[in-house]
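Participant: One structure is given below, represented as structure tokens, and several questions about it will come after.
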Amino acid sequence: MLRDVDDRVRLAGVEAIGSMGFTDIVNKLGVAGGLGSADSIFSILAERVKDRKPAVRDRAMRVFARVWAVAIGEIEEGNEQVLSLLKDAPSKIYDAFYTNDPEIQALIDRVQFEYLLPISYPGSKSKNKGKDVE
């Protein structure tokens with residue numbers, strides 16, 4: 001579905017992935033491999049980030065970045081399955097920058113601050129809270 005000629009079918013495929021929960025994405029779609037496997041769902045979704053149709057491209061980038069935003073918690077906890085599937089997700093998004101398309105570059109900026117590096121991201125709590133750090 002994600003490589004179909006019709007952009008409406010590609011968009012429906014991306015929407016289907018976007019409607020799934022994170023555990024379903026990892027356990028069901030991750031069976032075919034992660035971003036390192038050429039024909040895996042994750043790899044094909046990463047290709048859609050550079051799709052020629054703006055609607056597909058926009059939705060794919062947002063879904064892909066949202067999956068990464070949820071996965072980062074699992075990666076920080078040391079979940080090897082999630083790490084092997086999605087460790088290169090931000091690189092795949094930033095690779096789209098080299099298409100030299102102003103719309104894609106603007107979309108990358110938007111996704112970067114909404115999902116990849118959100119301002120509201122809870123940083124690790126300091127053990128020295130309230131104490132002077134020397």
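Identifiers in this document derive from the order of the structure tokens: chains are assigned A, B, ..., residues are numbered from 1 separately in each chain, and ligands are numbered from 1 in order of occurrence.
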Please provide as a list of chain:residue names all residues within 12 Å of A:Gly33, with the sequence filter that same-chain residues fewer than 3 positions apart are discarded (counting only C-alpha atoms).

Facilitator: A:Ile25, A:Val26, A:Asn27, A:Lys28, A:Leu29, A:Gly30, A:Gly36, A:Ser37, A:Ala38, A:Asp39, A:Ser40, A:Ile41, A:Phe42, A:Ser43, A:Ile44, A:Gln81, A:Val82, A:Leu83, A:Ser84, A:Leu85, A:Leu86

Participant: As an NGL selection string, please: every residue in chain A that DSSP puts in helix (DSSP H, G or I).

Facilitator: :A and (7-18 or 22-32 or 41-48 or 54-76 or 80-86 or 89-99 or 102-116)

Participant: Considering only C-alpha atoms, tabulate each residue of stretch 19-66 of chain A that lies at most 12 Å from stretch 91-101 of chain A along with its nearest interatomic pair and the corresponding distance in Å to one decimal; arrange the rows by chain and ascending residue number and present them as JSON lines.

Facilitator:
```
{"residue": "A:Leu35", "atom": "CA", "partner": "A:Lys92", "partner_atom": "CA", "distance": 8.7}
{"residue": "A:Gly36", "atom": "CA", "partner": "A:Lys92", "partner_atom": "CA", "distance": 10.8}
{"residue": "A:Phe42", "atom": "CA", "partner": "A:Lys92", "partner_atom": "CA", "distance": 10.3}
{"residue": "A:Ser43", "atom": "CA", "partner": "A:Lys92", "partner_atom": "CA", "distance": 8.9}
{"residue": "A:Ile44", "atom": "CA", "partner": "A:Lys92", "partner_atom": "CA", "distance": 10.9}
{"residue": "A:Leu45", "atom": "CA", "partner": "A:Lys92", "partner_atom": "CA", "distance": 9.9}
{"residue": "A:Ala46", "atom": "CA", "partner": "A:Lys92", "partner_atom": "CA", "distance": 6.2}
{"residue": "A:Glu47", "atom": "CA", "partner": "A:Lys92", "partner_atom": "CA", "distance": 8.3}
{"residue": "A:Arg48", "atom": "CA", "partner": "A:Ala96", "partner_atom": "CA", "distance": 9.8}
{"residue": "A:Val49", "atom": "CA", "partner": "A:Ile93", "partner_atom": "CA", "distance": 6.8}
{"residue": "A:Lys50", "atom": "CA", "partner": "A:Ala96", "partner_atom": "CA", "distance": 5.8}
{"residue": "A:Asp51", "atom": "CA", "partner": "A:Ala96", "partner_atom": "CA", "distance": 9.6}
{"residue": "A:Arg52", "atom": "CA", "partner": "A:Asp101", "partner_atom": "CA", "distance": 10.2}
{"residue": "A:Pro54", "atom": "CA", "partner": "A:Asp101", "partner_atom": "CA", "distance": 11.0}
{"residue": "A:Arg57", "atom": "CA", "partner": "A:Ala96", "partner_atom": "CA", "distance": 10.2}
{"residue": "A:Asp58", "atom": "CA", "partner": "A:Ile93", "partner_atom": "CA", "distance": 11.5}
{"residue": "A:Ala60", "atom": "CA", "partner": "A:Ile93", "partner_atom": "CA", "distance": 10.0}
{"residue": "A:Met61", "atom": "CA", "partner": "A:Ile93", "partner_atom": "CA", "distance": 7.2}
{"residue": "A:Arg62", "atom": "CA", "partner": "A:Ile93", "partner_atom": "CA", "distance": 9.9}
{"residue": "A:Val63", "atom": "CA", "partner": "A:Ile93", "partner_atom": "CA", "distance": 11.2}
{"residue": "A:Phe64", "atom": "CA", "partner": "A:Ile93", "partner_atom": "CA", "distance": 8.2}
{"residue": "A:Ala65", "atom": "CA", "partner": "A:Ile93", "partner_atom": "CA", "distance": 7.8}
{"residue": "A:Arg66", "atom": "CA", "partner": "A:Ile93", "partner_atom": "CA", "distance": 11.6}
```

Participant: Write the residues you've just listed into a file as an mmCIF file, in the first residue's frame, and include N, CA and C atoms for each of them.

Facilitator:
```cif
data_model
loop_
_atom_site.group_PDB
_atom_site.id
_atom_site.type_symbol
_atom_site.label_atom_id
_atom_site.label_comp_id
_atom_site.auth_asym_id
_atom_site.auth_seq_id
_atom_site.Cartn_x
_atom_site.Cartn_y
_atom_site.Cartn_z
ATOM 1 N N LEU A 35 14.346 -0.071 10.221
ATOM 2 C CA LEU A 35 14.752 0.865 9.174
ATOM 3 C C LEU A 35 15.921 0.351 8.352
ATOM 4 N N GLY A 36 16.669 -0.594 8.868
ATOM 5 C CA GLY A 36 17.792 -1.156 8.126
ATOM 6 C C GLY A 36 17.378 -2.135 7.038
ATOM 7 N N PHE A 42 8.739 0.129 8.120
ATOM 8 C CA PHE A 42 9.388 1.341 8.619
ATOM 9 C C PHE A 42 10.236 2.008 7.539
ATOM 10 N N SER A 43 10.932 1.210 6.771
ATOM 11 C CA SER A 43 11.764 1.745 5.697
ATOM 12 C C SER A 43 10.911 2.398 4.606
ATOM 13 N N ILE A 44 9.815 1.766 4.269
ATOM 14 C CA ILE A 44 8.925 2.315 3.245
ATOM 15 C C ILE A 44 8.238 3.585 3.759
ATOM 16 N N LEU A 45 7.867 3.598 5.048
ATOM 17 C CA LEU A 45 7.288 4.810 5.632
ATOM 18 C C LEU A 45 8.304 5.949 5.595
ATOM 19 N N ALA A 46 9.569 5.628 5.833
ATOM 20 C CA ALA A 46 10.626 6.649 5.758
ATOM 21 C C ALA A 46 10.758 7.196 4.337
ATOM 22 N N GLU A 47 10.519 6.358 3.327
ATOM 23 C CA GLU A 47 10.540 6.827 1.937
ATOM 24 C C GLU A 47 9.401 7.814 1.675
ATOM 25 N N ARG A 48 8.264 7.585 2.300
ATOM 26 C CA ARG A 48 7.100 8.453 2.089
ATOM 27 C C ARG A 48 7.332 9.861 2.636
ATOM 28 N N VAL A 49 8.321 10.032 3.493
ATOM 29 C CA VAL A 49 8.671 11.358 3.999
ATOM 30 C C VAL A 49 9.105 12.265 2.850
ATOM 31 N N LYS A 50 9.586 11.676 1.761
ATOM 32 C CA LYS A 50 10.019 12.439 0.579
ATOM 33 C C LYS A 50 9.036 12.281 -0.586
ATOM 34 N N ASP A 51 7.816 11.884 -0.305
ATOM 35 C CA ASP A 51 6.824 11.639 -1.351
ATOM 36 C C ASP A 51 6.581 12.902 -2.173
ATOM 37 N N ARG A 52 6.244 12.705 -3.442
ATOM 38 C CA ARG A 52 6.037 13.853 -4.335
ATOM 39 C C ARG A 52 4.708 14.560 -4.068
ATOM 40 N N PRO A 54 2.206 16.375 -1.572
ATOM 41 C CA PRO A 54 2.309 17.042 -0.271
ATOM 42 C C PRO A 54 1.474 16.406 0.844
ATOM 43 N N ARG A 57 3.280 13.229 1.986
ATOM 44 C CA ARG A 57 4.549 13.620 2.606
ATOM 45 C C ARG A 57 4.319 14.199 4.000
ATOM 46 N N ASP A 58 3.363 15.104 4.122
ATOM 47 C CA ASP A 58 3.068 15.751 5.400
ATOM 48 C C ASP A 58 2.625 14.733 6.443
ATOM 49 N N ALA A 60 2.997 11.432 6.403
ATOM 50 C CA ALA A 60 4.039 10.435 6.666
ATOM 51 C C ALA A 60 5.088 10.985 7.617
ATOM 52 N N MET A 61 5.489 12.223 7.414
ATOM 53 C CA MET A 61 6.508 12.801 8.288
ATOM 54 C C MET A 61 5.975 12.956 9.704
ATOM 55 N N ARG A 62 4.738 13.358 9.839
ATOM 56 C CA ARG A 62 4.160 13.521 11.175
ATOM 57 C C ARG A 62 3.982 12.170 11.879
ATOM 58 N N VAL A 63 3.526 11.167 11.156
ATOM 59 C CA VAL A 63 3.360 9.833 11.747
ATOM 60 C C VAL A 63 4.717 9.264 12.140
ATOM 61 N N PHE A 64 5.682 9.367 11.252
ATOM 62 C CA PHE A 64 7.020 8.835 11.499
ATOM 63 C C PHE A 64 7.666 9.529 12.701
ATOM 64 N N ALA A 65 7.535 10.842 12.777
ATOM 65 C CA ALA A 65 8.107 11.593 13.896
ATOM 66 C C ALA A 65 7.379 11.282 15.201
ATOM 67 N N ARG A 66 6.067 11.089 15.133
ATOM 68 C CA ARG A 66 5.306 10.757 16.339
ATOM 69 C C ARG A 66 5.701 9.386 16.866
#
```

Participant: Please identify all polymer residues within 8 Å of stretch 67-70 of chain A, counting only C-alpha atoms, omitting same-chain residues fewer than 6 positions from it, and present them as a JSON list (two decimals) with N, CA and C atoms, in the first residue's frame.

Facilitator:
```json
[["chain", "number", "residue", "atom", "x", "y", "z"],
["A", 22, "PHE", "N", 1.37, 2.32, 19.70],
["A", 22, "PHE", "CA", 2.81, 2.09, 19.61],
["A", 22, "PHE", "C", 3.17, 0.61, 19.75],
["A", 86, "LEU", "N", 13.99, 1.37, 15.28],
["A", 86, "LEU", "CA", 13.76, 2.79, 15.04],
["A", 86, "LEU", "C", 14.93, 3.71, 15.35],
["A", 89, "ALA", "N", 15.53, 6.74, 12.90],
["A", 89, "ALA", "CA", 14.37, 7.51, 12.44],
["A", 89, "ALA", "C", 14.66, 8.99, 12.24],
["A", 90, "PRO", "N", 15.30, 9.68, 13.19],
["A", 90, "PRO", "CA", 15.57, 11.10, 12.94],
["A", 90, "PRO", "C", 16.47, 11.33, 11.73],
["A", 115, "TYR", "N", 7.83, 17.28, 17.43],
["A", 115, "TYR", "CA", 8.00, 15.88, 17.81],
["A", 115, "TYR", "C", 9.42, 15.50, 18.20],
["A", 116, "LEU", "N", 10.40, 15.92, 17.43],
["A", 116, "LEU", "CA", 11.76, 15.45, 17.67],
["A", 116, "LEU", "C", 12.42, 16.15, 18.85]]
```
